[in-house]
Amino acid sequence: AAVTAVGAGAKVIMVEKLPLAGGTTGKSGGVTWIPNNAFLRARGIQDERADCLRYLARYAFPRQYTPDSPTLGLEPGEYRLLEAFYDHGSASIEHFEKLGAVSFREFKMWFVDKHAPDYADHLSENKVPRGRALEPAAGAGSSLGGASLAAQMEKWLSDRGTPILLEHRVTALVKAGERVVGIEAMHGERTVRIRAHRGVVFGTGGYSHNPDLIRLHQPGLYGACAMPGSTGDFITIAAVAGARMGDLGSAWRTQVVLDEALENRAIGLGAFVLPGDSMIVVNKYGRRIVNEKINYNDRTHTHFVFDAQRKEYPNQLQFMIFDERSLDAFGGAFPIPADRRASRHMIQGASPAELAANIAARLAVHARHTAGFTLKPEFAANLTATIARFNAFARAGRDTDFDRGMHAYDADWQALFSPVRKGSTQPTNPMPNATMHPISTDGPLYAFILAPGALDTNGGPMINEHAQVLDAHNQPIPGLYGAGNCIASPARNAYYGAGGTIGLALTFGYIAGRHLTEGRSGAAA
């Protein structure tokens, strides 16, 4: 938003709560999911508008999706947000390139040299399942990926004299009548007021590190990758201004290692792509519940399944079970340690029964944090049967329970995140499905306790297709805009593909920057 506004000749002041700019984007890989991007078009691939909108709607609104409806079954406002994303996504990337703020290139899976498949590549509505993911052309493919994206924009703004006020926590909006004309912020013990002639744009992140909001709105969130500043400040600020709230219970989800998250909820890594082939995930009954290779956002939703008969959440905590092969072959691919002595959180047992006893002992240590969650008495027996069933699937090459490895996503991301460790004594998987290998019960078994977590939440005030925040009557609040994880996500709970979070944030930031500088916000120049 700031780059777009400055590029249009506006004067901008950026205000940041933390001691450094960039937020969670600066911590991420910087991948950006953009439909109908110029790189696709250059390769002669047509990401048609009608087709892409069907994919966006089908994935984000599966209960409402109606293919023959003019708005695909969505409310008009919801549909216009998806239209805006498609219509302006590629334009935003091309605009940043033209300004010289940041350049992008195609994101490729470096171990397999392929364009990354979308997170729902197998849906019939997805006509272009590869090639929408981009990354910064400088610093990408390394730990500097997200930092390079945020840092390049920060440098571009600084080079043009844009003030970036760090350690300034915005606490309130200043209004003249119904119009937002500025903000109040705290800098140490001092209150700072900043006048805004055209508008105020919030991009302040979600509320992953606000325990009160988590307790109110999330079904479970033990830890998050978001920066510590993600405490949901905009929810309160916007509510005071009369903003209408959208879905507050949504998030970009990932599983986390329970022990790690309980030590510090601001985790370094989530359990994104679970490594290993001789590996399964089971619930408190010792039964598999999901395709372990499905994307992290959708996989995490299985924690919230309610058993109507037993009146319980049997998957509230889950258990990643693997053997010596996966420990040796894939050590170093999180959460499997490169050196078994380095992991304080890995649980071991010589047999399914011993492993069950040791998991139960670990759960007892965490009982006050998990409402006393325990294994069922039949866990060990069921785990033995579950392993035997999975092993038969692995030998046959077909998982008839959950179709593990049957889609491009499973196989490609497995190859990317589960390369065989250098120095491993394990052979290449000879089974017909590379994502599955029989689990050995002759030697020790290992486990991690997995809990629901997030990259960040993505619920908050509602916006329209111009990124304007809406009031209780569904009308724009003049001068107030939002983008990113601080607003109700246009994609709801759908993670379209790698970079789905940043793609939406960049696009709606660009839309906000254009709208407030083109005189359509009604603000004085």
# chains A, B, ... in the order shown; residues from 1 in each chain; ligands from 1
$ select_by_dssp --residues "stretch 106-314 of chain A" --states "alpha helix (DSSP H)" --output "ChimeraX atom specification"
/A:145-159,211-217,233-240,258-263,296-300
$ select_by_dssp --residues "stretch 270-300 of chain A" --states "strand (DSSP E or B)" --output "list in words"
Ala271, Met279, Ile280, Val281, Val282 and Arg288 of chain A
$ write_last_selection --atoms "N, CA and C atoms" --output "mmCIF file, in the first residue's frame"
data_model
loop_
_atom_site.group_PDB
_atom_site.id
_atom_site.type_symbol
_atom_site.label_atom_id
_atom_site.label_comp_id
_atom_site.auth_asym_id
_atom_site.auth_seq_id
_atom_site.Cartn_x
_atom_site.Cartn_y
_atom_site.Cartn_z
ATOM 1 N N ALA A 271 4.865 -27.689 11.687
ATOM 2 C CA ALA A 271 5.012 -28.998 11.042
ATOM 3 C C ALA A 271 4.281 -28.915 9.705
ATOM 4 N N MET A 279 5.819 -43.475 7.957
ATOM 5 C CA MET A 279 5.289 -42.536 8.942
ATOM 6 C C MET A 279 3.779 -42.425 8.777
ATOM 7 N N ILE A 280 3.071 -42.326 9.900
ATOM 8 C CA ILE A 280 1.634 -42.086 9.894
ATOM 9 C C ILE A 280 1.286 -41.109 11.017
ATOM 10 N N VAL A 281 0.070 -40.606 10.987
ATOM 11 C CA VAL A 281 -0.454 -39.771 12.065
ATOM 12 C C VAL A 281 -1.739 -40.419 12.562
ATOM 13 N N VAL A 282 -1.848 -40.570 13.888
ATOM 14 C CA VAL A 282 -3.013 -41.224 14.493
ATOM 15 C C VAL A 282 -3.605 -40.338 15.583
ATOM 16 N N ARG A 288 -5.522 -43.860 12.094
ATOM 17 C CA ARG A 288 -5.246 -42.804 11.123
ATOM 18 C C ARG A 288 -6.515 -41.992 10.865
#
$ residues_around --residues "A:Ala415" --least-positions-apart "5" --cutoff "10 Å" --atoms "only C-alpha atoms" --output "list in words"
Met109, Trp110, Phe111, Val112, Pro275, Gly276, Tyr409, Asp410, Val420, Ala434 and Thr435 of chain A
$ residues_around --residues "stretch 205-210 of chain A" --least-positions-apart "5" --cutoff "8 Å" --atoms "only C-alpha atoms" --output "JSON, numbers by chain"
{"A": [23, 24, 221, 223, 224, 226, 228, 229, 230, 231, 232, 233, 265, 266, 454, 456, 457, 458, 459, 460, 484, 485, 486, 487]}
$ residues_around --residues "A:Thr236" --least-positions-apart "6" --cutoff "10 Å" --atoms "only C-alpha atoms" --output "short mmCIF file (atom, residue, chain, number, x, y, z; two decimals) with all heavy atoms, in the first residue's frame"
data_model
loop_
_atom_site.label_atom_id
_atom_site.label_comp_id
_atom_site.auth_asym_id
_atom_site.auth_seq_id
_atom_site.Cartn_x
_atom_site.Cartn_y
_atom_site.Cartn_z
N THR A 171 -2.89 3.01 18.72
CA THR A 171 -3.89 2.68 19.74
C THR A 171 -5.29 3.15 19.39
O THR A 171 -6.27 2.63 19.94
CB THR A 171 -3.50 3.33 21.09
OG1 THR A 171 -3.33 4.75 20.89
CG2 THR A 171 -2.19 2.74 21.61
N ALA A 172 -5.41 4.11 18.47
CA ALA A 172 -6.75 4.64 18.17
C ALA A 172 -6.73 5.37 16.83
O ALA A 172 -5.68 5.78 16.33
CB ALA A 172 -7.21 5.59 19.27
N GLY A 242 -16.60 1.55 14.62
CA GLY A 242 -17.87 1.08 14.08
C GLY A 242 -17.75 0.06 12.97
O GLY A 242 -18.70 -0.15 12.21
N ALA A 243 -16.61 -0.61 12.86
CA ALA A 243 -16.40 -1.58 11.78
C ALA A 243 -17.22 -2.84 12.00
O ALA A 243 -17.49 -3.26 13.12
CB ALA A 243 -14.92 -1.95 11.68
N GLY A 460 -11.05 -10.68 11.02
CA GLY A 460 -11.11 -9.32 11.51
C GLY A 460 -12.20 -8.52 10.83
O GLY A 460 -13.19 -9.07 10.35
N PRO A 461 -12.02 -7.20 10.74
CA PRO A 461 -13.01 -6.35 10.08
C PRO A 461 -13.18 -6.71 8.61
O PRO A 461 -12.24 -7.14 7.95
CB PRO A 461 -12.43 -4.94 10.24
CG PRO A 461 -11.49 -5.04 11.39
CD PRO A 461 -10.93 -6.41 11.34
#
$ residues_around --residues "A:Ile347" --least-positions-apart "5" --cutoff "10 Å" --atoms "only C-alpha atoms" --output "PyMOL selection string"
chain A and resi 321+355-356+358-359+361-362+445-449
$ residues_around --residues "A:Cys225" --least-positions-apart "4" --cutoff "6 Å" --atoms "only C-alpha atoms" --output "number ranges by chain"
A: 266-268, 455
$ closest_residue --among "A:Arg179, A:Arg253, A:Lys127, A:Lys17" --to "A:Glu48" --atoms "only C-alpha atoms"
A:Lys127
$ closest_residue --among "A:Arg169, A:Arg132, A:Arg58, A:His88" --to "A:Gly499" --atoms "only C-alpha atoms"
A:Arg132
